[in-house]
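Data file: final35.txt. Format and content: compact mmCIF, N, CA, C and O atoms.
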```
# COMPACT_ATOMS: atom_id res chain seq x y z
N LEU E 9 69.93 76.21 72.76
CA LEU E 9 68.74 76.89 73.22
C LEU E 9 67.88 75.88 73.97
O LEU E 9 67.79 74.73 73.57
N VAL E 10 67.27 76.32 75.05
CA VAL E 10 66.42 75.42 75.83
C VAL E 10 65.03 76.01 76.01
O VAL E 10 64.84 77.22 75.95
N VAL E 11 64.07 75.13 76.23
CA VAL E 11 62.71 75.51 76.58
C VAL E 11 62.51 75.00 78.00
O VAL E 11 62.77 73.82 78.28
N ASP E 12 62.12 75.90 78.89
CA ASP E 12 61.89 75.43 80.25
C ASP E 12 60.45 75.72 80.66
O ASP E 12 59.80 76.60 80.13
N ASP E 13 60.00 74.90 81.57
CA ASP E 13 58.65 75.02 82.12
C ASP E 13 58.81 75.13 83.63
O ASP E 13 58.92 74.12 84.32
N GLY E 14 58.91 76.35 84.11
CA GLY E 14 59.07 76.55 85.55
C GLY E 14 60.39 76.04 86.09
O GLY E 14 60.43 75.50 87.19
N GLY E 15 61.44 76.16 85.30
CA GLY E 15 62.75 75.71 85.76
C GLY E 15 63.12 74.30 85.35
O GLY E 15 64.24 73.86 85.56
N LYS E 16 62.20 73.56 84.74
CA LYS E 16 62.49 72.22 84.23
C LYS E 16 62.67 72.31 82.72
O LYS E 16 61.82 72.86 82.02
N ILE E 17 63.77 71.77 82.22
CA ILE E 17 64.01 71.76 80.78
C ILE E 17 63.06 70.74 80.14
O ILE E 17 63.03 69.58 80.54
N VAL E 18 62.29 71.20 79.16
CA VAL E 18 61.34 70.33 78.47
C VAL E 18 61.67 70.18 76.99
O VAL E 18 61.01 69.45 76.27
N GLY E 19 62.70 70.89 76.54
CA GLY E 19 63.13 70.78 75.16
C GLY E 19 64.42 71.55 74.94
O GLY E 19 64.76 72.43 75.72
N PHE E 20 65.13 71.18 73.88
CA PHE E 20 66.35 71.92 73.54
C PHE E 20 66.73 71.68 72.08
O PHE E 20 66.29 70.72 71.44
N LEU E 21 67.56 72.57 71.58
CA LEU E 21 68.13 72.47 70.25
C LEU E 21 69.56 72.96 70.38
O LEU E 21 69.80 74.07 70.87
N ASP E 22 70.53 72.10 70.03
CA ASP E 22 71.92 72.55 70.14
C ASP E 22 72.59 72.59 68.77
O ASP E 22 72.32 71.77 67.90
N TRP E 23 73.41 73.60 68.60
CA TRP E 23 74.16 73.85 67.37
C TRP E 23 75.56 74.29 67.75
O TRP E 23 75.79 74.76 68.85
N PHE E 24 76.49 74.15 66.83
CA PHE E 24 77.80 74.75 67.04
C PHE E 24 78.22 75.49 65.77
O PHE E 24 77.78 75.15 64.67
N LEU E 25 79.00 76.52 65.96
CA LEU E 25 79.49 77.36 64.87
C LEU E 25 80.96 77.07 64.63
O LEU E 25 81.71 76.85 65.58
N PHE E 26 81.37 77.11 63.36
CA PHE E 26 82.80 76.98 63.07
C PHE E 26 83.10 77.57 61.69
O PHE E 26 82.28 77.52 60.79
N PRO E 27 84.30 78.14 61.54
CA PRO E 27 84.72 78.62 60.22
C PRO E 27 85.17 77.41 59.40
O PRO E 27 85.97 76.60 59.87
N GLU E 28 84.63 77.26 58.22
CA GLU E 28 84.95 76.12 57.36
C GLU E 28 85.96 76.56 56.30
O GLU E 28 85.61 77.34 55.39
N PRO E 29 87.20 76.09 56.39
CA PRO E 29 88.22 76.51 55.42
C PRO E 29 87.87 76.18 53.96
O PRO E 29 88.21 76.92 53.05
N SER E 30 87.16 75.06 53.74
CA SER E 30 86.87 74.65 52.36
C SER E 30 85.90 75.59 51.65
O SER E 30 85.89 75.68 50.43
N THR E 31 85.06 76.30 52.42
CA THR E 31 84.10 77.22 51.80
C THR E 31 84.43 78.68 52.11
O THR E 31 83.89 79.57 51.47
N GLY E 32 85.27 78.90 53.13
CA GLY E 32 85.57 80.27 53.54
C GLY E 32 84.40 80.93 54.25
O GLY E 32 84.36 82.15 54.37
N GLN E 33 83.46 80.14 54.72
CA GLN E 33 82.27 80.67 55.38
C GLN E 33 82.14 80.11 56.80
O GLN E 33 82.75 79.10 57.14
N VAL E 34 81.31 80.78 57.58
CA VAL E 34 80.98 80.26 58.90
C VAL E 34 79.80 79.30 58.73
O VAL E 34 78.80 79.64 58.10
N HIS E 35 79.96 78.11 59.27
CA HIS E 35 78.90 77.10 59.22
C HIS E 35 78.30 76.94 60.61
O HIS E 35 78.97 77.14 61.61
N MET E 36 77.05 76.55 60.65
CA MET E 36 76.37 76.25 61.89
C MET E 36 75.81 74.83 61.74
O MET E 36 75.11 74.54 60.76
N VAL E 37 76.16 73.94 62.67
CA VAL E 37 75.76 72.54 62.57
C VAL E 37 74.90 72.16 63.76
O VAL E 37 75.29 72.35 64.91
N GLY E 38 73.73 71.64 63.47
CA GLY E 38 72.81 71.18 64.50
C GLY E 38 73.02 69.71 64.78
O GLY E 38 73.20 68.92 63.86
N GLN E 39 73.00 69.37 66.06
CA GLN E 39 73.19 67.98 66.43
C GLN E 39 71.97 67.36 67.08
O GLN E 39 71.67 66.21 66.84
N HIS E 40 71.27 68.09 67.93
CA HIS E 40 70.17 67.49 68.67
C HIS E 40 68.99 68.46 68.79
O HIS E 40 69.18 69.62 69.12
N LEU E 41 67.83 67.95 68.52
CA LEU E 41 66.57 68.65 68.78
C LEU E 41 65.73 67.68 69.59
O LEU E 41 65.51 66.54 69.17
N TYR E 42 65.29 68.11 70.76
CA TYR E 42 64.46 67.25 71.58
C TYR E 42 63.35 68.08 72.21
O TYR E 42 63.58 69.19 72.69
N LEU E 43 62.16 67.53 72.19
CA LEU E 43 61.01 68.09 72.91
C LEU E 43 60.31 66.94 73.62
O LEU E 43 60.18 65.85 73.05
N LYS E 44 59.84 67.20 74.83
CA LYS E 44 59.03 66.19 75.51
C LYS E 44 57.84 65.87 74.61
O LYS E 44 57.34 66.75 73.90
N PRO E 45 57.39 64.63 74.62
CA PRO E 45 56.31 64.23 73.72
C PRO E 45 55.09 65.14 73.73
O PRO E 45 54.50 65.42 72.69
N GLU E 46 54.71 65.65 74.89
CA GLU E 46 53.51 66.49 74.96
C GLU E 46 53.69 67.84 74.27
O GLU E 46 52.71 68.53 74.00
N LEU E 47 54.92 68.22 73.94
CA LEU E 47 55.17 69.49 73.25
C LEU E 47 55.32 69.33 71.74
O LEU E 47 55.32 70.31 71.00
N ARG E 48 55.47 68.11 71.29
CA ARG E 48 55.68 67.87 69.85
C ARG E 48 54.42 68.26 69.08
O ARG E 48 53.31 67.98 69.49
N GLY E 49 54.61 68.97 67.99
CA GLY E 49 53.48 69.44 67.18
C GLY E 49 52.84 70.71 67.71
O GLY E 49 51.86 71.19 67.14
N SER E 50 53.41 71.29 68.76
CA SER E 50 52.83 72.49 69.37
C SER E 50 53.38 73.79 68.80
O SER E 50 52.91 74.86 69.14
N GLY E 51 54.41 73.69 67.96
CA GLY E 51 55.06 74.89 67.43
C GLY E 51 56.30 75.30 68.19
O GLY E 51 57.03 76.19 67.76
N VAL E 52 56.55 74.66 69.33
CA VAL E 52 57.73 75.01 70.12
C VAL E 52 59.01 74.65 69.36
O VAL E 52 59.97 75.42 69.36
N GLY E 53 59.03 73.52 68.69
CA GLY E 53 60.20 73.13 67.90
C GLY E 53 60.49 74.14 66.80
O GLY E 53 61.64 74.51 66.55
N ARG E 54 59.44 74.61 66.16
CA ARG E 54 59.60 75.63 65.11
C ARG E 54 60.18 76.91 65.70
O ARG E 54 61.04 77.54 65.10
N GLU E 55 59.73 77.30 66.88
CA GLU E 55 60.27 78.50 67.54
C GLU E 55 61.76 78.34 67.83
O GLU E 55 62.54 79.26 67.63
N LEU E 56 62.16 77.15 68.31
CA LEU E 56 63.57 76.89 68.56
C LEU E 56 64.37 77.01 67.27
O LEU E 56 65.43 77.63 67.24
N TYR E 57 63.86 76.39 66.22
CA TYR E 57 64.52 76.44 64.91
C TYR E 57 64.66 77.88 64.41
O TYR E 57 65.73 78.32 64.01
N GLU E 58 63.58 78.64 64.45
CA GLU E 58 63.61 80.02 63.95
C GLU E 58 64.56 80.89 64.77
O GLU E 58 65.29 81.72 64.20
N LYS E 59 64.58 80.72 66.07
CA LYS E 59 65.49 81.48 66.91
C LYS E 59 66.94 81.12 66.60
O LYS E 59 67.82 81.98 66.54
N THR E 60 67.20 79.84 66.37
CA THR E 60 68.55 79.40 66.02
C THR E 60 68.99 80.02 64.70
O THR E 60 70.11 80.51 64.58
N MET E 61 68.11 80.03 63.71
CA MET E 61 68.45 80.64 62.42
C MET E 61 68.75 82.14 62.61
O MET E 61 69.70 82.66 62.04
N GLU E 62 67.96 82.79 63.41
CA GLU E 62 68.14 84.21 63.69
C GLU E 62 69.52 84.47 64.33
O GLU E 62 70.24 85.38 63.91
N ILE E 63 69.87 83.66 65.31
CA ILE E 63 71.17 83.79 65.97
C ILE E 63 72.30 83.55 64.98
O ILE E 63 73.29 84.29 64.94
N GLY E 64 72.18 82.52 64.17
CA GLY E 64 73.21 82.20 63.19
C GLY E 64 73.42 83.32 62.18
O GLY E 64 74.55 83.73 61.92
N VAL E 65 72.34 83.82 61.61
CA VAL E 65 72.44 84.91 60.63
C VAL E 65 73.10 86.13 61.27
O VAL E 65 73.96 86.77 60.67
N ALA E 66 72.74 86.43 62.51
CA ALA E 66 73.32 87.58 63.21
C ALA E 66 74.83 87.41 63.41
O ALA E 66 75.56 88.39 63.52
N ARG E 67 75.29 86.17 63.42
CA ARG E 67 76.72 85.88 63.61
C ARG E 67 77.44 85.62 62.29
O ARG E 67 78.56 85.14 62.28
N GLY E 68 76.78 85.87 61.18
CA GLY E 68 77.42 85.73 59.87
C GLY E 68 77.39 84.37 59.25
O GLY E 68 78.09 84.11 58.28
N VAL E 69 76.58 83.47 59.79
CA VAL E 69 76.48 82.12 59.23
C VAL E 69 75.88 82.18 57.83
O VAL E 69 74.89 82.86 57.60
N LYS E 70 76.51 81.46 56.91
CA LYS E 70 76.01 81.36 55.54
C LYS E 70 75.53 79.95 55.22
O LYS E 70 74.79 79.75 54.26
N THR E 71 75.97 78.97 55.99
CA THR E 71 75.61 77.58 55.74
C THR E 71 75.14 76.93 57.04
O THR E 71 75.85 76.96 58.03
N PHE E 72 73.95 76.36 57.00
CA PHE E 72 73.40 75.62 58.13
C PHE E 72 73.37 74.14 57.76
O PHE E 72 72.92 73.78 56.67
N GLU E 73 73.86 73.30 58.64
CA GLU E 73 73.83 71.86 58.43
C GLU E 73 73.25 71.23 59.70
O GLU E 73 73.31 71.82 60.77
N LEU E 74 72.70 70.02 59.57
CA LEU E 74 72.20 69.33 60.75
C LEU E 74 72.23 67.84 60.55
O LEU E 74 72.27 67.35 59.43
N PHE E 75 72.22 67.14 61.67
CA PHE E 75 72.13 65.69 61.66
C PHE E 75 70.68 65.32 61.96
O PHE E 75 70.05 65.93 62.82
N CYS E 76 70.14 64.36 61.22
CA CYS E 76 68.79 63.90 61.50
C CYS E 76 68.66 62.44 61.08
O CYS E 76 69.45 61.93 60.30
N PHE E 77 67.64 61.80 61.59
CA PHE E 77 67.33 60.43 61.21
C PHE E 77 66.47 60.46 59.95
O PHE E 77 65.83 61.47 59.63
N GLY E 78 66.45 59.34 59.24
CA GLY E 78 65.72 59.26 57.98
C GLY E 78 64.27 59.68 58.06
O GLY E 78 63.76 60.35 57.16
N ASN E 79 63.59 59.32 59.14
CA ASN E 79 62.17 59.67 59.27
C ASN E 79 61.96 61.16 59.50
O ASN E 79 60.86 61.67 59.33
N GLU E 80 63.03 61.88 59.87
CA GLU E 80 62.94 63.33 60.09
C GLU E 80 63.29 64.14 58.84
O GLU E 80 63.08 65.34 58.78
N GLN E 81 63.82 63.46 57.84
CA GLN E 81 64.30 64.14 56.63
C GLN E 81 63.23 64.98 55.95
O GLN E 81 63.48 66.14 55.59
N PRO E 82 61.99 64.49 55.76
CA PRO E 82 60.97 65.32 55.11
C PRO E 82 60.69 66.63 55.86
O PRO E 82 60.47 67.68 55.25
N TYR E 83 60.73 66.57 57.19
CA TYR E 83 60.51 67.77 58.02
C TYR E 83 61.54 68.84 57.67
O TYR E 83 61.21 70.00 57.47
N TRP E 84 62.81 68.42 57.62
CA TRP E 84 63.88 69.39 57.35
C TRP E 84 63.93 69.80 55.88
O TRP E 84 64.27 70.94 55.56
N GLU E 85 63.56 68.91 54.98
CA GLU E 85 63.52 69.28 53.56
C GLU E 85 62.49 70.38 53.32
O GLU E 85 62.71 71.27 52.50
N LYS E 86 61.37 70.36 54.06
CA LYS E 86 60.37 71.42 53.94
C LYS E 86 60.94 72.78 54.35
O LYS E 86 60.41 73.81 53.96
N ARG E 87 61.99 72.76 55.14
CA ARG E 87 62.61 74.00 55.63
C ARG E 87 63.84 74.37 54.81
O ARG E 87 64.64 75.19 55.23
N GLY E 88 64.01 73.72 53.66
CA GLY E 88 65.08 74.10 52.73
C GLY E 88 66.37 73.33 52.84
O GLY E 88 67.32 73.60 52.11
N PHE E 89 66.43 72.34 53.73
CA PHE E 89 67.64 71.52 53.85
C PHE E 89 67.60 70.41 52.80
O PHE E 89 66.53 69.95 52.40
N ALA E 90 68.79 69.99 52.36
CA ALA E 90 68.90 68.91 51.38
C ALA E 90 69.93 67.91 51.89
O ALA E 90 70.90 68.29 52.56
N PRO E 91 69.74 66.62 51.57
CA PRO E 91 70.72 65.61 51.99
C PRO E 91 72.11 65.95 51.42
O PRO E 91 72.23 66.41 50.29
N LEU E 92 73.14 65.71 52.24
CA LEU E 92 74.49 66.05 51.82
C LEU E 92 75.45 64.88 51.93
O LEU E 92 76.20 64.61 51.02
N ARG E 93 75.44 64.20 53.05
CA ARG E 93 76.37 63.11 53.31
C ARG E 93 75.64 61.94 53.95
O ARG E 93 74.51 62.07 54.38
N THR E 94 76.35 60.86 54.07
CA THR E 94 75.83 59.69 54.78
C THR E 94 76.69 59.47 56.00
O THR E 94 77.92 59.42 55.90
N LEU E 95 76.07 59.34 57.15
CA LEU E 95 76.78 59.04 58.38
C LEU E 95 76.83 57.52 58.50
O LEU E 95 75.80 56.86 58.41
N MET E 96 78.01 56.99 58.66
CA MET E 96 78.19 55.54 58.79
C MET E 96 78.56 55.23 60.24
O MET E 96 79.23 56.03 60.88
N ARG E 97 78.15 54.07 60.72
CA ARG E 97 78.45 53.67 62.10
C ARG E 97 78.77 52.18 62.14
O ARG E 97 78.16 51.39 61.44
N LYS E 98 79.71 51.85 63.00
CA LYS E 98 80.01 50.46 63.29
C LYS E 98 80.13 50.34 64.80
O LYS E 98 80.94 51.03 65.43
N GLU E 99 79.32 49.50 65.40
CA GLU E 99 79.39 49.29 66.83
C GLU E 99 80.22 48.05 67.10
O GLU E 99 80.10 47.05 66.41
N ILE E 100 81.05 48.15 68.11
CA ILE E 100 81.95 47.04 68.45
C ILE E 100 81.66 46.58 69.86
O ILE E 100 81.44 47.33 70.75
```

Could you take the file, read its structure, and then write that structure out as structure tokens?
Amino acid sequence: LVVDDGGKIVGFLDWFLFPEPSTGQVHMVGQHLYLKPELRGSGVGRELYEKTMEIGVARGVKTFELFCFGNEQPYWEKRGFAPLRTLMRKEI
């Protein structure tokens, strides 16, 4: 989903859907949420999130997952998400 301002993208939220064999359910996984700094705290991010949830539920999603940085965790926990895994990285 994107937010545009006169044809210029000023924010987006991307998710992908997949059937998860281990749960037998359709999962929706969020990877990126971005808003230009001047839009942060304006409610636009919440609108993107709510629209995404609406789309997912309409498509039979039972489990929503997302990637976030540690400083974003409290924001998502307020919306009912809980930590699940640890993403590990090694740069070479």

Determine which residues of range 12-63 of chain E DSSP labels as strand (DSSP E or B) from the backbone of this structure, then write them out as a PDB file with N, CA, C and O atoms, in the coordinates of the input.
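Contents of selection.pdb, as written:
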```pdb
ATOM      1  N   ASP E  12      62.120  75.900  78.890  1.00  0.00           N
ATOM      2  CA  ASP E  12      61.890  75.430  80.250  1.00  0.00           C
ATOM      3  C   ASP E  12      60.450  75.720  80.660  1.00  0.00           C
ATOM      4  O   ASP E  12      59.800  76.600  80.130  1.00  0.00           O
ATOM      5  N   ASP E  13      60.000  74.900  81.570  1.00  0.00           N
ATOM      6  CA  ASP E  13      58.650  75.020  82.120  1.00  0.00           C
ATOM      7  C   ASP E  13      58.810  75.130  83.630  1.00  0.00           C
ATOM      8  O   ASP E  13      58.920  74.120  84.320  1.00  0.00           O
ATOM      9  N   LYS E  16      62.200  73.560  84.740  1.00  0.00           N
ATOM     10  CA  LYS E  16      62.490  72.220  84.230  1.00  0.00           C
ATOM     11  C   LYS E  16      62.670  72.310  82.720  1.00  0.00           C
ATOM     12  O   LYS E  16      61.820  72.860  82.020  1.00  0.00           O
ATOM     13  N   ILE E  17      63.770  71.770  82.220  1.00  0.00           N
ATOM     14  CA  ILE E  17      64.010  71.760  80.780  1.00  0.00           C
ATOM     15  C   ILE E  17      63.060  70.740  80.140  1.00  0.00           C
ATOM     16  O   ILE E  17      63.030  69.580  80.540  1.00  0.00           O
ATOM     17  N   VAL E  18      62.290  71.200  79.160  1.00  0.00           N
ATOM     18  CA  VAL E  18      61.340  70.330  78.470  1.00  0.00           C
ATOM     19  C   VAL E  18      61.670  70.180  76.990  1.00  0.00           C
ATOM     20  O   VAL E  18      61.010  69.450  76.270  1.00  0.00           O
ATOM     21  N   GLY E  19      62.700  70.890  76.540  1.00  0.00           N
ATOM     22  CA  GLY E  19      63.130  70.780  75.160  1.00  0.00           C
ATOM     23  C   GLY E  19      64.420  71.550  74.940  1.00  0.00           C
ATOM     24  O   GLY E  19      64.760  72.430  75.720  1.00  0.00           O
ATOM     25  N   PHE E  20      65.130  71.180  73.880  1.00  0.00           N
ATOM     26  CA  PHE E  20      66.350  71.920  73.540  1.00  0.00           C
ATOM     27  C   PHE E  20      66.730  71.680  72.080  1.00  0.00           C
ATOM     28  O   PHE E  20      66.290  70.720  71.440  1.00  0.00           O
ATOM     29  N   LEU E  21      67.560  72.570  71.580  1.00  0.00           N
ATOM     30  CA  LEU E  21      68.130  72.470  70.250  1.00  0.00           C
ATOM     31  C   LEU E  21      69.560  72.960  70.380  1.00  0.00           C
ATOM     32  O   LEU E  21      69.800  74.070  70.870  1.00  0.00           O
ATOM     33  N   ASP E  22      70.530  72.100  70.030  1.00  0.00           N
ATOM     34  CA  ASP E  22      71.920  72.550  70.140  1.00  0.00           C
ATOM     35  C   ASP E  22      72.590  72.590  68.770  1.00  0.00           C
ATOM     36  O   ASP E  22      72.320  71.770  67.900  1.00  0.00           O
ATOM     37  N   TRP E  23      73.410  73.600  68.600  1.00  0.00           N
ATOM     38  CA  TRP E  23      74.160  73.850  67.370  1.00  0.00           C
ATOM     39  C   TRP E  23      75.560  74.290  67.750  1.00  0.00           C
ATOM     40  O   TRP E  23      75.790  74.760  68.850  1.00  0.00           O
ATOM     41  N   PHE E  24      76.490  74.150  66.830  1.00  0.00           N
ATOM     42  CA  PHE E  24      77.800  74.750  67.040  1.00  0.00           C
ATOM     43  C   PHE E  24      78.220  75.490  65.770  1.00  0.00           C
ATOM     44  O   PHE E  24      77.780  75.150  64.670  1.00  0.00           O
ATOM     45  N   LEU E  25      79.000  76.520  65.960  1.00  0.00           N
ATOM     46  CA  LEU E  25      79.490  77.360  64.870  1.00  0.00           C
ATOM     47  C   LEU E  25      80.960  77.070  64.630  1.00  0.00           C
ATOM     48  O   LEU E  25      81.710  76.850  65.580  1.00  0.00           O
ATOM     49  N   PHE E  26      81.370  77.110  63.360  1.00  0.00           N
ATOM     50  CA  PHE E  26      82.800  76.980  63.070  1.00  0.00           C
ATOM     51  C   PHE E  26      83.100  77.570  61.690  1.00  0.00           C
ATOM     52  O   PHE E  26      82.280  77.520  60.790  1.00  0.00           O
ATOM     53  N   PRO E  27      84.300  78.140  61.540  1.00  0.00           N
ATOM     54  CA  PRO E  27      84.720  78.620  60.220  1.00  0.00           C
ATOM     55  C   PRO E  27      85.170  77.410  59.400  1.00  0.00           C
ATOM     56  O   PRO E  27      85.970  76.600  59.870  1.00  0.00           O
ATOM     57  N   GLU E  28      84.630  77.260  58.220  1.00  0.00           N
ATOM     58  CA  GLU E  28      84.950  76.120  57.360  1.00  0.00           C
ATOM     59  C   GLU E  28      85.960  76.560  56.300  1.00  0.00           C
ATOM     60  O   GLU E  28      85.610  77.340  55.390  1.00  0.00           O
ATOM     61  N   GLN E  33      83.460  80.140  54.720  1.00  0.00           N
ATOM     62  CA  GLN E  33      82.270  80.670  55.380  1.00  0.00           C
ATOM     63  C   GLN E  33      82.140  80.110  56.800  1.00  0.00           C
ATOM     64  O   GLN E  33      82.750  79.100  57.140  1.00  0.00           O
ATOM     65  N   VAL E  34      81.310  80.780  57.580  1.00  0.00           N
ATOM     66  CA  VAL E  34      80.980  80.260  58.900  1.00  0.00           C
ATOM     67  C   VAL E  34      79.800  79.300  58.730  1.00  0.00           C
ATOM     68  O   VAL E  34      78.800  79.640  58.100  1.00  0.00           O
ATOM     69  N   HIS E  35      79.960  78.110  59.270  1.00  0.00           N
ATOM     70  CA  HIS E  35      78.900  77.100  59.220  1.00  0.00           C
ATOM     71  C   HIS E  35      78.300  76.940  60.610  1.00  0.00           C
ATOM     72  O   HIS E  35      78.970  77.140  61.610  1.00  0.00           O
ATOM     73  N   MET E  36      77.050  76.550  60.650  1.00  0.00           N
ATOM     74  CA  MET E  36      76.370  76.250  61.890  1.00  0.00           C
ATOM     75  C   MET E  36      75.810  74.830  61.740  1.00  0.00           C
ATOM     76  O   MET E  36      75.110  74.540  60.760  1.00  0.00           O
ATOM     77  N   VAL E  37      76.160  73.940  62.670  1.00  0.00           N
ATOM     78  CA  VAL E  37      75.760  72.540  62.570  1.00  0.00           C
ATOM     79  C   VAL E  37      74.900  72.160  63.760  1.00  0.00           C
ATOM     80  O   VAL E  37      75.290  72.350  64.910  1.00  0.00           O
ATOM     81  N   GLY E  38      73.730  71.640  63.470  1.00  0.00           N
ATOM     82  CA  GLY E  38      72.810  71.180  64.500  1.00  0.00           C
ATOM     83  C   GLY E  38      73.020  69.710  64.780  1.00  0.00           C
ATOM     84  O   GLY E  38      73.200  68.920  63.860  1.00  0.00           O
ATOM     85  N   GLN E  39      73.000  69.370  66.060  1.00  0.00           N
ATOM     86  CA  GLN E  39      73.190  67.980  66.430  1.00  0.00           C
ATOM     87  C   GLN E  39      71.970  67.360  67.080  1.00  0.00           C
ATOM     88  O   GLN E  39      71.670  66.210  66.840  1.00  0.00           O
ATOM     89  N   HIS E  40      71.270  68.090  67.930  1.00  0.00           N
ATOM     90  CA  HIS E  40      70.170  67.490  68.670  1.00  0.00           C
ATOM     91  C   HIS E  40      68.990  68.460  68.790  1.00  0.00           C
ATOM     92  O   HIS E  40      69.180  69.620  69.120  1.00  0.00           O
ATOM     93  N   LEU E  41      67.830  67.950  68.520  1.00  0.00           N
ATOM     94  CA  LEU E  41      66.570  68.650  68.780  1.00  0.00           C
ATOM     95  C   LEU E  41      65.730  67.680  69.590  1.00  0.00           C
ATOM     96  O   LEU E  41      65.510  66.540  69.170  1.00  0.00           O
ATOM     97  N   TYR E  42      65.290  68.110  70.760  1.00  0.00           N
ATOM     98  CA  TYR E  42      64.460  67.250  71.580  1.00  0.00           C
ATOM     99  C   TYR E  42      63.350  68.080  72.210  1.00  0.00           C
ATOM    100  O   TYR E  42      63.580  69.190  72.690  1.00  0.00           O
ATOM    101  N   LEU E  43      62.160  67.530  72.190  1.00  0.00           N
ATOM    102  CA  LEU E  43      61.010  68.090  72.910  1.00  0.00           C
ATOM    103  C   LEU E  43      60.310  66.940  73.620  1.00  0.00           C
ATOM    104  O   LEU E  43      60.180  65.850  73.050  1.00  0.00           O
TER     105      LEU E  43
END
```

Mind giving me the straight-line distance from CA of Asp12 in chain E to CA of Glu55 in chain E in Å, one decimal?
-> 13.2 Å

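Taking atom O of Val52 in chain E as the reference point, atom N of Leu92 in chain E is found at 23.7 Å.
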
Within 10 Å of Arg93 in chain E, counting only C-alpha atoms, which residues qualify if same-chain residues fewer than 3 places away don't, as a PyMOL selection string?
-> chain E and resi 75+90+96

Would you please give, as a compact mmCIF listing (two decimals) with N, CA, C and O atoms, keeping the file's coordinate frame, all residues of chain E that DSSP assigns to helix (DSSP H, G or I) based on the backbone?
```txt
# COMPACT_ATOMS: atom_id res chain seq x y z
N PRO E 45 57.39 64.63 74.62
CA PRO E 45 56.31 64.23 73.72
C PRO E 45 55.09 65.14 73.73
O PRO E 45 54.50 65.42 72.69
N GLU E 46 54.71 65.65 74.89
CA GLU E 46 53.51 66.49 74.96
C GLU E 46 53.69 67.84 74.27
O GLU E 46 52.71 68.53 74.00
N LEU E 47 54.92 68.22 73.94
CA LEU E 47 55.17 69.49 73.25
C LEU E 47 55.32 69.33 71.74
O LEU E 47 55.32 70.31 71.00
N VAL E 52 56.55 74.66 69.33
CA VAL E 52 57.73 75.01 70.12
C VAL E 52 59.01 74.65 69.36
O VAL E 52 59.97 75.42 69.36
N GLY E 53 59.03 73.52 68.69
CA GLY E 53 60.20 73.13 67.90
C GLY E 53 60.49 74.14 66.80
O GLY E 53 61.64 74.51 66.55
N ARG E 54 59.44 74.61 66.16
CA ARG E 54 59.60 75.63 65.11
C ARG E 54 60.18 76.91 65.70
O ARG E 54 61.04 77.54 65.10
N GLU E 55 59.73 77.30 66.88
CA GLU E 55 60.27 78.50 67.54
C GLU E 55 61.76 78.34 67.83
O GLU E 55 62.54 79.26 67.63
N LEU E 56 62.16 77.15 68.31
CA LEU E 56 63.57 76.89 68.56
C LEU E 56 64.37 77.01 67.27
O LEU E 56 65.43 77.63 67.24
N TYR E 57 63.86 76.39 66.22
CA TYR E 57 64.52 76.44 64.91
C TYR E 57 64.66 77.88 64.41
O TYR E 57 65.73 78.32 64.01
N GLU E 58 63.58 78.64 64.45
CA GLU E 58 63.61 80.02 63.95
C GLU E 58 64.56 80.89 64.77
O GLU E 58 65.29 81.72 64.20
N LYS E 59 64.58 80.72 66.07
CA LYS E 59 65.49 81.48 66.91
C LYS E 59 66.94 81.12 66.60
O LYS E 59 67.82 81.98 66.54
N THR E 60 67.20 79.84 66.37
CA THR E 60 68.55 79.40 66.02
C THR E 60 68.99 80.02 64.70
O THR E 60 70.11 80.51 64.58
N MET E 61 68.11 80.03 63.71
CA MET E 61 68.45 80.64 62.42
C MET E 61 68.75 82.14 62.61
O MET E 61 69.70 82.66 62.04
N GLU E 62 67.96 82.79 63.41
CA GLU E 62 68.14 84.21 63.69
C GLU E 62 69.52 84.47 64.33
O GLU E 62 70.24 85.38 63.91
N ILE E 63 69.87 83.66 65.31
CA ILE E 63 71.17 83.79 65.97
C ILE E 63 72.30 83.55 64.98
O ILE E 63 73.29 84.29 64.94
N GLY E 64 72.18 82.52 64.17
CA GLY E 64 73.21 82.20 63.19
C GLY E 64 73.42 83.32 62.18
O GLY E 64 74.55 83.73 61.92
N VAL E 65 72.34 83.82 61.61
CA VAL E 65 72.44 84.91 60.63
C VAL E 65 73.10 86.13 61.27
O VAL E 65 73.96 86.77 60.67
N ALA E 66 72.74 86.43 62.51
CA ALA E 66 73.32 87.58 63.21
C ALA E 66 74.83 87.41 63.41
O ALA E 66 75.56 88.39 63.52
N GLY E 78 66.45 59.34 59.24
CA GLY E 78 65.72 59.26 57.98
C GLY E 78 64.27 59.68 58.06
O GLY E 78 63.76 60.35 57.16
N ASN E 79 63.59 59.32 59.14
CA ASN E 79 62.17 59.67 59.27
C ASN E 79 61.96 61.16 59.50
O ASN E 79 60.86 61.67 59.33
N GLU E 80 63.03 61.88 59.87
CA GLU E 80 62.94 63.33 60.09
C GLU E 80 63.29 64.14 58.84
O GLU E 80 63.08 65.34 58.78
N GLN E 81 63.82 63.46 57.84
CA GLN E 81 64.30 64.14 56.63
C GLN E 81 63.23 64.98 55.95
O GLN E 81 63.48 66.14 55.59
N PRO E 82 61.99 64.49 55.76
CA PRO E 82 60.97 65.32 55.11
C PRO E 82 60.69 66.63 55.86
O PRO E 82 60.47 67.68 55.25
N TYR E 83 60.73 66.57 57.19
CA TYR E 83 60.51 67.77 58.02
C TYR E 83 61.54 68.84 57.67
O TYR E 83 61.21 70.00 57.47
N TRP E 84 62.81 68.42 57.62
CA TRP E 84 63.88 69.39 57.35
C TRP E 84 63.93 69.80 55.88
O TRP E 84 64.27 70.94 55.56
N GLU E 85 63.56 68.91 54.98
CA GLU E 85 63.52 69.28 53.56
C GLU E 85 62.49 70.38 53.32
O GLU E 85 62.71 71.27 52.50
```

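Distances here use only C-alpha atoms; by that measure, the residue among E:Arg87, E:Tyr57, E:Ile63, E:Glu73 closest to Gly38 in chain E is E:Glu73.
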
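Take atom O of Met36 in chain E and CA of Val65 in chain E: the distance between them is 10.7 Å.
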